[in-house]
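Undergrad: Next comes model.pdb, PDB, C-alpha atoms:
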```pdb
ATOM      1  CA  MET O   9      23.081 -34.053 -10.098  1.00  0.00           C
ATOM      2  CA  ARG O  10      19.570 -34.305 -11.478  1.00  0.00           C
ATOM      3  CA  ILE O  11      16.802 -32.089 -10.114  1.00  0.00           C
ATOM      4  CA  SER O  12      13.317 -33.539  -9.808  1.00  0.00           C
ATOM      5  CA  PRO O  13      10.373 -31.700 -11.424  1.00  0.00           C
ATOM      6  CA  GLU O  14       8.918 -31.012  -7.971  1.00  0.00           C
ATOM      7  CA  GLU O  15      12.126 -29.337  -6.760  1.00  0.00           C
ATOM      8  CA  SER O  16      12.384 -27.344  -9.974  1.00  0.00           C
ATOM      9  CA  THR O  17       8.797 -26.117  -9.624  1.00  0.00           C
ATOM     10  CA  ARG O  18       9.330 -25.244  -5.950  1.00  0.00           C
ATOM     11  CA  SER O  19      12.535 -23.306  -6.623  1.00  0.00           C
ATOM     12  CA  SER O  20      10.892 -21.431  -9.498  1.00  0.00           C
ATOM     13  CA  ALA O  21       7.962 -20.456  -7.273  1.00  0.00           C
ATOM     14  CA  GLN O  22      10.315 -19.273  -4.528  1.00  0.00           C
ATOM     15  CA  ALA O  23      12.316 -17.233  -7.021  1.00  0.00           C
ATOM     16  CA  ALA O  24       9.164 -15.671  -8.415  1.00  0.00           C
ATOM     17  CA  ASP O  25       7.931 -14.852  -4.919  1.00  0.00           C
ATOM     18  CA  SER O  26      11.245 -13.277  -3.898  1.00  0.00           C
ATOM     19  CA  HIS O  27      11.179 -11.183  -7.059  1.00  0.00           C
ATOM     20  CA  SER O  28       7.594 -10.063  -6.456  1.00  0.00           C
ATOM     21  CA  VAL O  29       8.210  -9.012  -2.838  1.00  0.00           C
ATOM     22  CA  SER O  30       9.171  -5.590  -4.177  1.00  0.00           C
ATOM     23  CA  ALA O  31       5.789  -5.311  -5.890  1.00  0.00           C
ATOM     24  CA  ASP O  32       4.340  -3.323  -2.995  1.00  0.00           C
ATOM     25  CA  CYS O  33       3.532   0.379  -2.748  1.00  0.00           C
ATOM     26  CA  TYR O  34       6.978   1.480  -1.530  1.00  0.00           C
ATOM     27  CA  SER O  35       9.706   3.147  -3.520  1.00  0.00           C
ATOM     28  CA  ASP O  36      13.281   1.933  -2.992  1.00  0.00           C
ATOM     29  CA  GLY O  37      14.079   4.708  -0.522  1.00  0.00           C
ATOM     30  CA  GLU O  38      10.790   4.302   1.331  1.00  0.00           C
ATOM     31  CA  ARG O  39      11.233   0.542   1.519  1.00  0.00           C
ATOM     32  CA  ARG O  40      14.590   0.965   3.278  1.00  0.00           C
ATOM     33  CA  TRP O  41      13.019   3.267   5.865  1.00  0.00           C
ATOM     34  CA  MET O  42      10.045   0.914   6.237  1.00  0.00           C
ATOM     35  CA  GLU O  43      12.336  -2.046   6.889  1.00  0.00           C
ATOM     36  CA  TYR O  44      14.381   0.035   9.323  1.00  0.00           C
ATOM     37  CA  GLY O  45      11.202   0.989  11.189  1.00  0.00           C
ATOM     38  CA  GLN O  46      10.125  -2.646  11.306  1.00  0.00           C
ATOM     39  CA  ARG O  47      13.470  -3.640  12.816  1.00  0.00           C
ATOM     40  CA  LEU O  48      13.056  -0.993  15.513  1.00  0.00           C
ATOM     41  CA  ARG O  49       9.507  -2.181  16.259  1.00  0.00           C
ATOM     42  CA  ALA O  50      10.758  -5.770  16.369  1.00  0.00           C
ATOM     43  CA  ILE O  51      13.162  -4.736  19.120  1.00  0.00           C
ATOM     44  CA  ALA O  52      10.490  -2.775  21.005  1.00  0.00           C
ATOM     45  CA  PHE O  53       7.857  -5.526  20.701  1.00  0.00           C
ATOM     46  CA  GLY O  54      10.274  -8.464  20.973  1.00  0.00           C
ATOM     47  CA  PRO O  55       8.559 -10.218  23.925  1.00  0.00           C
ATOM     48  CA  LEU O  56       5.137  -9.699  22.319  1.00  0.00           C
ATOM     49  CA  LEU O  57       6.330 -11.162  19.016  1.00  0.00           C
ATOM     50  CA  LYS O  58       7.664 -14.229  20.842  1.00  0.00           C
ATOM     51  CA  LEU O  59       4.373 -14.619  22.707  1.00  0.00           C
ATOM     52  CA  LEU O  60       2.321 -14.329  19.514  1.00  0.00           C
ATOM     53  CA  THR O  61       4.567 -16.865  17.794  1.00  0.00           C
ATOM     54  CA  THR O  62       4.244 -19.263  20.738  1.00  0.00           C
ATOM     55  CA  CYS O  63       0.454 -18.907  20.516  1.00  0.00           C
ATOM     56  CA  ARG O  64       0.676 -19.604  16.763  1.00  0.00           C
ATOM     57  CA  VAL O  65      -0.747 -16.220  15.799  1.00  0.00           C
ATOM     58  CA  THR O  66       0.039 -15.466  12.161  1.00  0.00           C
ATOM     59  CA  PRO O  67       0.755 -12.018  10.666  1.00  0.00           C
ATOM     60  CA  ASP O  68      -2.370 -12.341   8.505  1.00  0.00           C
ATOM     61  CA  SER O  69      -4.433 -12.836  11.673  1.00  0.00           C
ATOM     62  CA  VAL O  70      -2.965  -9.639  13.129  1.00  0.00           C
ATOM     63  CA  THR O  71      -3.747  -7.794   9.882  1.00  0.00           C
ATOM     64  CA  LEU O  72      -7.330  -9.060  10.019  1.00  0.00           C
ATOM     65  CA  LEU O  73      -7.728  -7.974  13.661  1.00  0.00           C
ATOM     66  CA  SER O  74      -6.230  -4.597  12.754  1.00  0.00           C
ATOM     67  CA  ALA O  75      -8.789  -4.138   9.975  1.00  0.00           C
ATOM     68  CA  ILE O  76     -11.669  -5.177  12.247  1.00  0.00           C
ATOM     69  CA  ALA O  77     -10.566  -2.729  14.941  1.00  0.00           C
ATOM     70  CA  GLY O  78     -10.272   0.072  12.389  1.00  0.00           C
ATOM     71  CA  LEU O  79     -13.672  -0.640  10.873  1.00  0.00           C
ATOM     72  CA  ALA O  80     -15.247  -0.783  14.341  1.00  0.00           C
ATOM     73  CA  PHE O  81     -14.471   2.935  14.540  1.00  0.00           C
ATOM     74  CA  VAL O  82     -17.261   3.625  12.038  1.00  0.00           C
ATOM     75  CA  PRO O  83     -20.399   2.476  13.921  1.00  0.00           C
ATOM     76  CA  LEU O  84     -18.990   3.581  17.281  1.00  0.00           C
ATOM     77  CA  ALA O  85     -18.271   7.097  16.025  1.00  0.00           C
ATOM     78  CA  LEU O  86     -21.696   7.364  14.387  1.00  0.00           C
ATOM     79  CA  MET O  87     -23.285   6.313  17.696  1.00  0.00           C
ATOM     80  CA  ASP O  88     -21.277   9.088  19.446  1.00  0.00           C
ATOM     81  CA  LEU O  89     -19.286   6.563  21.473  1.00  0.00           C
ATOM     82  CA  VAL O  90     -16.281   8.759  20.878  1.00  0.00           C
ATOM     83  CA  TRP O  91     -13.737   7.348  23.309  1.00  0.00           C
ATOM     84  CA  THR O  92     -14.550   3.753  22.416  1.00  0.00           C
ATOM     85  CA  ALA O  93     -14.256   4.623  18.728  1.00  0.00           C
ATOM     86  CA  LEU O  94     -10.892   6.292  19.279  1.00  0.00           C
ATOM     87  CA  GLY O  95      -9.736   3.297  21.315  1.00  0.00           C
ATOM     88  CA  CYS O  96     -10.531   1.001  18.390  1.00  0.00           C
ATOM     89  CA  LEU O  97      -8.677   3.327  16.021  1.00  0.00           C
ATOM     90  CA  ALA O  98      -5.650   3.332  18.338  1.00  0.00           C
ATOM     91  CA  LEU O  99      -5.790  -0.467  18.482  1.00  0.00           C
ATOM     92  CA  HIS O 100      -5.840  -0.564  14.680  1.00  0.00           C
ATOM     93  CA  ILE O 101      -2.711   1.589  14.518  1.00  0.00           C
ATOM     94  CA  LEU O 102      -0.959  -0.587  17.121  1.00  0.00           C
ATOM     95  CA  LEU O 103      -1.780  -3.851  15.367  1.00  0.00           C
ATOM     96  CA  ASP O 104      -0.875  -2.340  12.006  1.00  0.00           C
ATOM     97  CA  GLY O 105       2.597  -1.726  13.382  1.00  0.00           C
ATOM     98  CA  ILE O 106       3.000  -5.321  14.580  1.00  0.00           C
ATOM     99  CA  ASP O 107       2.041  -7.505  11.594  1.00  0.00           C
ATOM    100  CA  GLY O 108       5.113  -6.575   9.530  1.00  0.00           C
ATOM    101  CA  PRO O 109       7.675  -7.185  12.309  1.00  0.00           C
ATOM    102  CA  LEU O 110       5.820 -10.401  13.218  1.00  0.00           C
ATOM    103  CA  ALA O 111       6.124 -11.636   9.625  1.00  0.00           C
ATOM    104  CA  ARG O 112       9.857 -10.941   9.659  1.00  0.00           C
ATOM    105  CA  PHE O 113      10.234 -12.537  13.080  1.00  0.00           C
ATOM    106  CA  GLN O 114       8.509 -15.692  11.803  1.00  0.00           C
ATOM    107  CA  GLN O 115      10.304 -15.416   8.429  1.00  0.00           C
ATOM    108  CA  THR O 116       7.006 -15.497   6.551  1.00  0.00           C
ATOM    109  CA  GLN O 117       7.163 -12.084   4.864  1.00  0.00           C
ATOM    110  CA  SER O 118       5.873 -12.162   1.293  1.00  0.00           C
ATOM    111  CA  ALA O 119       4.326 -10.060  -1.446  1.00  0.00           C
ATOM    112  CA  ARG O 120       0.963 -11.598  -0.571  1.00  0.00           C
ATOM    113  CA  GLY O 121       1.194 -10.357   3.020  1.00  0.00           C
ATOM    114  CA  SER O 122       2.299  -6.897   1.896  1.00  0.00           C
ATOM    115  CA  PHE O 123      -0.662  -6.695  -0.480  1.00  0.00           C
ATOM    116  CA  THR O 124      -3.072  -7.808   2.264  1.00  0.00           C
ATOM    117  CA  ASP O 125      -1.702  -5.219   4.686  1.00  0.00           C
ATOM    118  CA  THR O 126      -1.918  -2.428   2.092  1.00  0.00           C
ATOM    119  CA  PHE O 127      -5.488  -3.393   1.175  1.00  0.00           C
ATOM    120  CA  ALA O 128      -6.549  -3.444   4.853  1.00  0.00           C
ATOM    121  CA  ASP O 129      -4.941  -0.053   5.524  1.00  0.00           C
ATOM    122  CA  GLN O 130      -6.632   1.457   2.490  1.00  0.00           C
ATOM    123  CA  PHE O 131      -9.986   0.027   3.512  1.00  0.00           C
ATOM    124  CA  VAL O 132      -9.736   1.491   7.017  1.00  0.00           C
ATOM    125  CA  VAL O 133      -8.587   4.962   5.962  1.00  0.00           C
ATOM    126  CA  THR O 134     -11.465   5.057   3.463  1.00  0.00           C
ATOM    127  CA  ALA O 135     -13.970   4.077   6.163  1.00  0.00           C
ATOM    128  CA  VAL O 136     -12.597   6.657   8.619  1.00  0.00           C
ATOM    129  CA  THR O 137     -12.719   9.397   5.987  1.00  0.00           C
ATOM    130  CA  ILE O 138     -16.323   8.580   5.049  1.00  0.00           C
ATOM    131  CA  THR O 139     -17.261   8.573   8.735  1.00  0.00           C
ATOM    132  CA  TRP O 140     -15.752  12.041   9.105  1.00  0.00           C
ATOM    133  CA  MET O 141     -17.672  13.183   6.009  1.00  0.00           C
ATOM    134  CA  ILE O 142     -20.938  11.998   7.570  1.00  0.00           C
ATOM    135  CA  HIS O 143     -20.031  13.611  10.881  1.00  0.00           C
ATOM    136  CA  ALA O 144     -19.088  16.932   9.258  1.00  0.00           C
ATOM    137  CA  ALA O 145     -22.295  16.980   7.197  1.00  0.00           C
ATOM    138  CA  ASN O 146     -21.426  19.784   4.777  1.00  0.00           C
ATOM    139  CA  THR O 147     -20.819  19.989   1.048  1.00  0.00           C
ATOM    140  CA  TRP O 148     -17.150  20.979   1.200  1.00  0.00           C
ATOM    141  CA  ALA O 149     -16.361  18.072   3.503  1.00  0.00           C
ATOM    142  CA  TRP O 150     -18.001  15.641   1.081  1.00  0.00           C
ATOM    143  CA  VAL O 151     -16.066  17.099  -1.848  1.00  0.00           C
ATOM    144  CA  ALA O 152     -12.687  17.042  -0.085  1.00  0.00           C
ATOM    145  CA  GLY O 153     -13.294  13.581   1.398  1.00  0.00           C
ATOM    146  CA  SER O 154     -14.479  12.053  -1.890  1.00  0.00           C
ATOM    147  CA  VAL O 155     -11.468  13.382  -3.788  1.00  0.00           C
ATOM    148  CA  PHE O 156      -9.134  12.123  -1.069  1.00  0.00           C
ATOM    149  CA  VAL O 157     -10.609   8.610  -0.994  1.00  0.00           C
ATOM    150  CA  PHE O 158     -10.491   8.241  -4.783  1.00  0.00           C
ATOM    151  CA  ILE O 159      -7.069   9.797  -5.435  1.00  0.00           C
ATOM    152  CA  TYR O 160      -5.385   8.092  -2.493  1.00  0.00           C
ATOM    153  CA  ALA O 161      -6.567   4.655  -3.667  1.00  0.00           C
ATOM    154  CA  LEU O 162      -5.518   5.483  -7.240  1.00  0.00           C
ATOM    155  CA  VAL O 163      -2.028   6.592  -6.221  1.00  0.00           C
ATOM    156  CA  VAL O 164      -1.445   3.484  -4.087  1.00  0.00           C
ATOM    157  CA  ALA O 165      -2.647   1.219  -6.924  1.00  0.00           C
ATOM    158  CA  MET O 166      -0.428   2.992  -9.450  1.00  0.00           C
ATOM    159  CA  ALA O 167       2.565   2.687  -7.117  1.00  0.00           C
ATOM    160  CA  MET O 168       2.037  -1.074  -6.884  1.00  0.00           C
ATOM    161  CA  VAL O 169       1.708  -1.348 -10.665  1.00  0.00           C
ATOM    162  CA  ARG O 170       4.894   0.682 -11.184  1.00  0.00           C
ATOM    163  CA  ASN O 171       6.808  -1.561  -8.783  1.00  0.00           C
ATOM    164  CA  ALA O 172       5.465  -4.678 -10.494  1.00  0.00           C
ATOM    165  CA  LEU O 173       6.624  -3.294 -13.859  1.00  0.00           C
ATOM    166  CA  SER O 174       9.981  -2.108 -12.417  1.00  0.00           C
ATOM    167  CA  ILE O 175       9.209   1.538 -13.171  1.00  0.00           C
ATOM    168  CA  PRO O 176      10.919   3.472 -10.349  1.00  0.00           C
ATOM    169  CA  TYR O 177       9.399   6.454  -8.596  1.00  0.00           C
ATOM    170  CA  SER O 178      10.641   8.789  -5.905  1.00  0.00           C
ATOM    171  CA  TRP O 179       8.148   8.811  -3.035  1.00  0.00           C
ATOM    172  CA  LEU O 180       4.492   8.345  -2.139  1.00  0.00           C
ATOM    173  CA  VAL O 181       2.274  10.502   0.061  1.00  0.00           C
ATOM    174  CA  ARG O 182       0.897   8.518   3.015  1.00  0.00           C
ATOM    175  CA  PRO O 183      -1.332  10.910   4.963  1.00  0.00           C
ATOM    176  CA  ARG O 184      -3.547   8.359   6.685  1.00  0.00           C
ATOM    177  CA  PHE O 185      -2.119   9.024  10.162  1.00  0.00           C
ATOM    178  CA  LEU O 186      -2.722  12.738   9.649  1.00  0.00           C
ATOM    179  CA  VAL O 187      -6.324  11.928   8.740  1.00  0.00           C
ATOM    180  CA  TYR O 188      -6.715   9.686  11.794  1.00  0.00           C
ATOM    181  CA  THR O 189      -5.371  12.427  14.078  1.00  0.00           C
ATOM    182  CA  SER O 190      -7.475  15.213  12.596  1.00  0.00           C
ATOM    183  CA  ALA O 191     -10.614  13.027  12.586  1.00  0.00           C
ATOM    184  CA  ALA O 192     -10.036  12.280  16.287  1.00  0.00           C
ATOM    185  CA  ILE O 193      -9.705  15.995  17.020  1.00  0.00           C
ATOM    186  CA  ASP O 194     -12.906  16.719  15.110  1.00  0.00           C
ATOM    187  CA  LEU O 195     -14.796  14.065  17.058  1.00  0.00           C
ATOM    188  CA  LEU O 196     -13.540  15.376  20.399  1.00  0.00           C
ATOM    189  CA  LEU O 197     -13.656  19.138  19.838  1.00  0.00           C
ATOM    190  CA  LEU O 198     -16.172  19.485  16.969  1.00  0.00           C
ATOM    191  CA  TRP O 199     -13.642  21.361  14.847  1.00  0.00           C
ATOM    192  CA  GLN O 200     -13.249  21.076  11.071  1.00  0.00           C
ATOM    193  CA  CYS O 201      -9.479  20.647  10.965  1.00  0.00           C
ATOM    194  CA  THR O 202      -9.702  17.485   8.838  1.00  0.00           C
ATOM    195  CA  PHE O 203     -10.884  19.582   5.903  1.00  0.00           C
ATOM    196  CA  PHE O 204      -7.742  21.715   6.126  1.00  0.00           C
ATOM    197  CA  VAL O 205      -5.656  18.549   6.292  1.00  0.00           C
ATOM    198  CA  LEU O 206      -7.321  16.954   3.269  1.00  0.00           C
ATOM    199  CA  VAL O 207      -7.056  19.953   0.937  1.00  0.00           C
ATOM    200  CA  PRO O 208      -3.211  20.100   0.750  1.00  0.00           C
ATOM    201  CA  CYS O 209      -3.072  16.286   0.780  1.00  0.00           C
ATOM    202  CA  ASN O 210      -5.400  16.208  -2.228  1.00  0.00           C
ATOM    203  CA  VAL O 211      -3.231  18.679  -4.119  1.00  0.00           C
ATOM    204  CA  VAL O 212      -0.109  16.565  -3.593  1.00  0.00           C
ATOM    205  CA  LEU O 213      -1.943  13.306  -4.334  1.00  0.00           C
ATOM    206  CA  ILE O 214      -3.352  14.687  -7.581  1.00  0.00           C
ATOM    207  CA  TRP O 215       0.163  15.709  -8.612  1.00  0.00           C
ATOM    208  CA  LYS O 216       1.498  12.221  -7.799  1.00  0.00           C
ATOM    209  CA  ALA O 217      -1.364  10.631  -9.743  1.00  0.00           C
ATOM    210  CA  TRP O 218      -0.552  12.782 -12.787  1.00  0.00           C
ATOM    211  CA  THR O 219       3.191  12.069 -12.685  1.00  0.00           C
ATOM    212  CA  GLY O 220       2.481   8.374 -12.115  1.00  0.00           C
ATOM    213  CA  PHE O 221       0.142   8.288 -15.107  1.00  0.00           C
ATOM    214  CA  ARG O 222       2.784   9.928 -17.301  1.00  0.00           C
ATOM    215  CA  ALA O 223       5.449   7.454 -16.180  1.00  0.00           C
ATOM    216  CA  LEU O 224       3.185   4.478 -16.874  1.00  0.00           C
ATOM    217  CA  ARG O 225       2.106   5.878 -20.237  1.00  0.00           C
ATOM    218  CA  ARG O 226       5.714   6.375 -21.333  1.00  0.00           C
ATOM    219  CA  SER O 227       6.458   2.747 -20.510  1.00  0.00           C
ATOM    220  CA  ILE O 228       3.717   1.499 -22.862  1.00  0.00           C
ATOM    221  CA  PRO O 229       4.811   1.127 -26.527  1.00  0.00           C
ATOM    222  CA  GLY O 230       3.222   3.660 -28.885  1.00  0.00           C
ATOM    223  CA  PRO O 231       2.421   3.249 -32.605  1.00  0.00           C
ATOM    224  CA  ASN O 232       5.907   4.389 -33.704  1.00  0.00           C
ATOM    225  CA  GLN O 233       7.577   1.941 -31.336  1.00  0.00           C
ATOM    226  CA  ARG O 234       5.424  -0.922 -32.662  1.00  0.00           C
ATOM    227  CA  GLN O 235       6.309  -0.008 -36.230  1.00  0.00           C
ATOM    228  CA  ASN O 236      10.021   0.107 -35.402  1.00  0.00           C
ATOM    229  CA  THR O 237       9.765  -3.237 -33.602  1.00  0.00           C
ATOM    230  CA  ALA O 238       8.022  -4.793 -36.618  1.00  0.00           C
ATOM    231  CA  GLN O 239      10.655  -3.431 -39.013  1.00  0.00           C
ATOM    232  CA  ARG O 240      13.599  -4.771 -37.030  1.00  0.00           C
ATOM    233  CA  PRO O 241      13.017  -8.471 -37.939  1.00  0.00           C
ATOM    234  CA  GLU O 242      12.665  -7.519 -41.615  1.00  0.00           C
ATOM    235  CA  ARG O 243      15.954  -5.609 -41.566  1.00  0.00           C
ATOM    236  CA  HIS O 244      17.608  -8.495 -39.734  1.00  0.00           C
ATOM    237  CA  ALA O 245      16.346 -10.972 -42.342  1.00  0.00           C
ATOM    238  CA  THR O 246      17.568  -8.763 -45.212  1.00  0.00           C
ATOM    239  CA  THR O 247      21.015  -8.478 -43.599  1.00  0.00           C
ATOM    240  CA  ASN O 248      21.232 -12.251 -43.241  1.00  0.00           C
ATOM    241  CA  LYS O 249      20.371 -12.721 -46.933  1.00  0.00           C
ATOM    242  CA  HIS O 250      23.126 -10.313 -48.023  1.00  0.00           C
ATOM    243  CA  SER O 251      25.660 -11.911 -45.698  1.00  0.00           C
ATOM    244  CA  SER O 252      24.877 -15.401 -47.026  1.00  0.00           C
ATOM    245  CA  ARG O 253      25.522 -14.455 -50.638  1.00  0.00           C
TER
END
```
Transcribe the structure of this file into structure tokens.
TA:
Amino acid sequence: MRISPEESTRSSAQAADSHSVSADCYSDGERRWMEYGQRLRAIAFGPLLKLLTTCRVTPDSVTLLSAIAGLAFVPLALMDLVWTALGCLALHILLDGIDGPLARFQQTQSARGSFTDTFADQFVVTAVTITWMIHAANTWAWVAGSVFVFIYALVVAMAMVRNALSIPYSWLVRPRFLVYTSAAIDLLLLWQCTFFVLVPCNVVLIWKAWTGFRALRRSIPGPNQRQNTAQRPERHATTNKHSSR
């Protein structure tokens, strides 16, 4: 049976997409737990998922609404509308827990959706951390917050690159919910507990960034490997000449 060029192109694209689904920021063990958690949330939010599907709400729309709700925390917190700001942050967390199960319920999960969700989450946690830095208004808070924002983004990006290159890793630190909780406490009680949350998180994130850099560097061919690769065809050609005589 002959396959048309259109069918061949479509099947190749689907195969490439199914292969790239693992190119997210989850290790193999974490991905199993993530999928397990999504199945539990799908059971808990089953009627809501059916309603959203009936209303033709897409997972990307939920991700966008989640990001908007999370970013709304920033101006509201700076205007001292604390409870409204915390309500928006809670709404962000709720919607962030729905988009994945909704994608699976609608059978539209993809690497593109996973990337969008990760980008939105990273954007919100960065905005919340900067808001806390402004609210804290001291040098140590700015130092700890700046290191956290930079290293956290770096570690997530490196995890996605390692998955795309099939370089396994063990686990990834995901302290954003700790930061959300401590930032909420600081807004309500005027404490500085977020600083004491960020410091150990920064230590672990720096360690993960270093080990991730080493793993990526080892996967890149060095000068000796290039030389050996260049010599292999020459040796193969010489062997063929001797065998043909």
Undergrad: Would you please work out which residue, of O:Ala135, O:Ala98, O:Leu48, O:Ala128, is nearest to Val157 in chain O when using all atoms listed in the file?
TA: O:Ala135
Undergrad: Just give me the residues with any atom within 10 Å of (-12.7, -2.2, 14.8), file coordinates, counting only C-alpha atoms, written as a list in words.
TA: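 I get Leu72, Leu73, Ser74, Ala75, Ile76, Ala77, Gly78, Leu79, Ala80, Phe81, Val82, Pro83, Leu84, Thr92, Ala93, Leu94, Gly95, Cys96, Leu97, Ala98, Leu99, His100 and Val132 of chain O for the residues within 10 Å of that point.
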Undergrad: Produce a table with one row for each residue of range 30-94 of chain O that has an atom at most 8 Å from any atom of range 105-123 of chain O, each row naming the nearest atom pair and its distance in Å at one decimal; use all atoms listed in the file; arrange rows by chain and rising residue number; format as a Markdown table.
TA:
```
| residue | atom | partner | partner_atom | distance |
| --- | --- | --- | --- | --- |
| O:Ser30 | CA | O:Ala119 | CA | 7.1 |
| O:Ala31 | CA | O:Ala119 | CA | 6.7 |
| O:Asp32 | CA | O:Ser122 | CA | 6.4 |
| O:Gln46 | CA | O:Pro109 | CA | 5.3 |
| O:Arg47 | CA | O:Pro109 | CA | 6.8 |
| O:Arg49 | CA | O:Pro109 | CA | 6.6 |
| O:Ala50 | CA | O:Pro109 | CA | 5.3 |
| O:Phe53 | CA | O:Ile106 | CA | 7.8 |
| O:Leu57 | CA | O:Leu110 | CA | 5.9 |
| O:Thr61 | CA | O:Gln114 | CA | 7.3 |
| O:Thr66 | CA | O:Ala111 | CA | 7.6 |
| O:Pro67 | CA | O:Asp107 | CA | 4.8 |
| O:Asp68 | CA | O:Gly121 | CA | 6.8 |
| O:Val70 | CA | O:Asp107 | CA | 5.7 |
| O:Thr71 | CA | O:Asp107 | CA | 6.0 |
```
Undergrad: What gap, in Å, lies between CA of Ile175 in chain O and CA of Thr134 in chain O?
TA: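 CA of Thr134 in chain O lies at a distance of 26.8 Å from CA of Ile175 in chain O.
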Undergrad: Which is closest to Glu38 in chain O among O:Pro208, O:Asp194, O:Lys216, O:Arg182, if we use only C-alpha atoms?
TA: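 Going through O:Pro208, O:Asp194, O:Lys216, O:Arg182 one by one, the smallest distance to Glu38 in chain O is for O:Arg182.
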Undergrad: So which residues touch Ser178 in chain O within 12 Å, counting all atoms listed in the file, skipping near sequence neighbours fewer than 2 positions away, as a compact mmCIF listing (two decimals) with C-alpha atoms, in the coordinates of the input?
TA:
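Result saved to selection.txt:
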```txt
# COMPACT_ATOMS: atom_id res chain seq x y z
CA CYS O 33 3.53 0.38 -2.75
CA TYR O 34 6.98 1.48 -1.53
CA SER O 35 9.71 3.15 -3.52
CA ASP O 36 13.28 1.93 -2.99
CA GLY O 37 14.08 4.71 -0.52
CA GLU O 38 10.79 4.30 1.33
CA ARG O 39 11.23 0.54 1.52
CA ALA O 167 2.56 2.69 -7.12
CA ARG O 170 4.89 0.68 -11.18
CA ASN O 171 6.81 -1.56 -8.78
CA ILE O 175 9.21 1.54 -13.17
CA PRO O 176 10.92 3.47 -10.35
CA LEU O 180 4.49 8.35 -2.14
CA VAL O 181 2.27 10.50 0.06
CA LYS O 216 1.50 12.22 -7.80
CA THR O 219 3.19 12.07 -12.68
CA GLY O 220 2.48 8.37 -12.12
CA ALA O 223 5.45 7.45 -16.18
```
Undergrad: List as a ChimeraX atom specification the residues having at least one atom at most 8 Å from position (-16.9, 19.2, 12.1) as given in the file, counting all atoms listed in the file.
TA: /O:140,143-145,194-195,198-201
Undergrad: For the provided coordinates, the residues matched by the PyMOL selection byres ((chain O and resi 188) around 10) should be stated as a PyMOL selection string.
TA: chain O and resi 94+97-98+101+132-133+136-137+140+183-187+189-194+202
Undergrad: Got time to write the residues from that selection, C-alpha atoms, as a tab-separated table (two decimals), keeping the file's coordinate frame?
TA:
```
chain	number	residue	atom	x	y	z
O	94	LEU	CA	-10.89	6.29	19.28
O	97	LEU	CA	-8.68	3.33	16.02
O	98	ALA	CA	-5.65	3.33	18.34
O	101	ILE	CA	-2.71	1.59	14.52
O	132	VAL	CA	-9.74	1.49	7.02
O	133	VAL	CA	-8.59	4.96	5.96
O	136	VAL	CA	-12.60	6.66	8.62
O	137	THR	CA	-12.72	9.40	5.99
O	140	TRP	CA	-15.75	12.04	9.10
O	183	PRO	CA	-1.33	10.91	4.96
O	184	ARG	CA	-3.55	8.36	6.68
O	185	PHE	CA	-2.12	9.02	10.16
O	186	LEU	CA	-2.72	12.74	9.65
O	187	VAL	CA	-6.32	11.93	8.74
O	189	THR	CA	-5.37	12.43	14.08
O	190	SER	CA	-7.48	15.21	12.60
O	191	ALA	CA	-10.61	13.03	12.59
O	192	ALA	CA	-10.04	12.28	16.29
O	193	ILE	CA	-9.70	16.00	17.02
O	194	ASP	CA	-12.91	16.72	15.11
O	202	THR	CA	-9.70	17.48	8.84
```
Undergrad: Tell me, in Å to one decimal, how far CA of Tyr160 in chain O is from CA of Phe131 in chain O.
TA: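 Taking CA of Tyr160 in chain O and CA of Phe131 in chain O, their separation equals 11.1 Å.
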Undergrad: What separation in Å, quoted to one decimal, exists between CA of Val163 in chain O and CA of Leu213 in chain O?
TA: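 For CA of Val163 in chain O relative to CA of Leu213 in chain O, the distance reads 7.0 Å.
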Undergrad: Between O:Tyr44, O:Thr147, O:Thr139, O:Thr126, which one has atoms that come closest to Asp88 in chain O, using all atoms listed in the file?
TA: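 Checking each of O:Tyr44, O:Thr147, O:Thr139, O:Thr126 against Asp88 in chain O, counting all atoms listed in the file, the winner is O:Thr139.
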Undergrad: Which of these, O:Val90, O:Val212, O:Leu224, O:Leu197, has the shortest distance to Met166 in chain O once you count all atoms listed in the file?
TA: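 That would be O:Leu224, the residue with the smallest distance to Met166 in chain O.
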Undergrad: With distances taken over all atoms listed in the file, which residue among O:Trp91, O:Leu103, O:Val211, O:Tyr177 lies nearest Val155 in chain O?
TA: O:Val211
Undergrad: For a quick check of understanding, using all atoms listed in the file, which of O:Met168, O:Val207, O:Val65, O:Leu102 has the smallest distance to Val151 in chain O?
TA: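 Nearest candidate to Val151 in chain O out of O:Met168, O:Val207, O:Val65, O:Leu102: O:Val207.
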Undergrad: Draw an axis-aligned box tight on the listed atoms of range 70-84 of chain O, then pad every side by 3 Å and write out centre and edge lengths in Å to one decimal as AutoDock Vina command-line options.
TA:
```
--center_x -11.7 --center_y -3.0 --center_z 13.6 --size_x 23.4 --size_y 19.3 --size_z 13.4
```
Undergrad: Taking the structure in the block just given, could you write range 116-120 of chain O with N, CA and C atoms, as a PDB file, in the first residue's frame?
TA:
```
ATOM      1  N   THR O 116      -5.004  16.708  24.189  1.00  0.00           N
ATOM      2  CA  THR O 116      -4.257  17.709  23.414  1.00  0.00           C
ATOM      3  C   THR O 116      -2.912  18.009  24.061  1.00  0.00           C
ATOM      4  N   GLN O 117      -2.445  17.128  24.973  1.00  0.00           N
ATOM      5  CA  GLN O 117      -1.163  17.389  25.616  1.00  0.00           C
ATOM      6  C   GLN O 117      -0.031  17.326  24.590  1.00  0.00           C
ATOM      7  N   SER O 118       0.931  18.236  24.739  1.00  0.00           N
ATOM      8  CA  SER O 118       2.032  18.311  23.784  1.00  0.00           C
ATOM      9  C   SER O 118       3.219  18.990  24.429  1.00  0.00           C
ATOM     10  N   ALA O 119       4.367  18.897  23.767  1.00  0.00           N
ATOM     11  CA  ALA O 119       5.566  19.578  24.249  1.00  0.00           C
ATOM     12  C   ALA O 119       5.372  21.087  24.220  1.00  0.00           C
ATOM     13  N   ARG O 120       4.612  21.569  23.246  1.00  0.00           N
ATOM     14  CA  ARG O 120       4.361  23.009  23.146  1.00  0.00           C
ATOM     15  C   ARG O 120       3.587  23.514  24.362  1.00  0.00           C
TER      16      ARG O 120
END
```
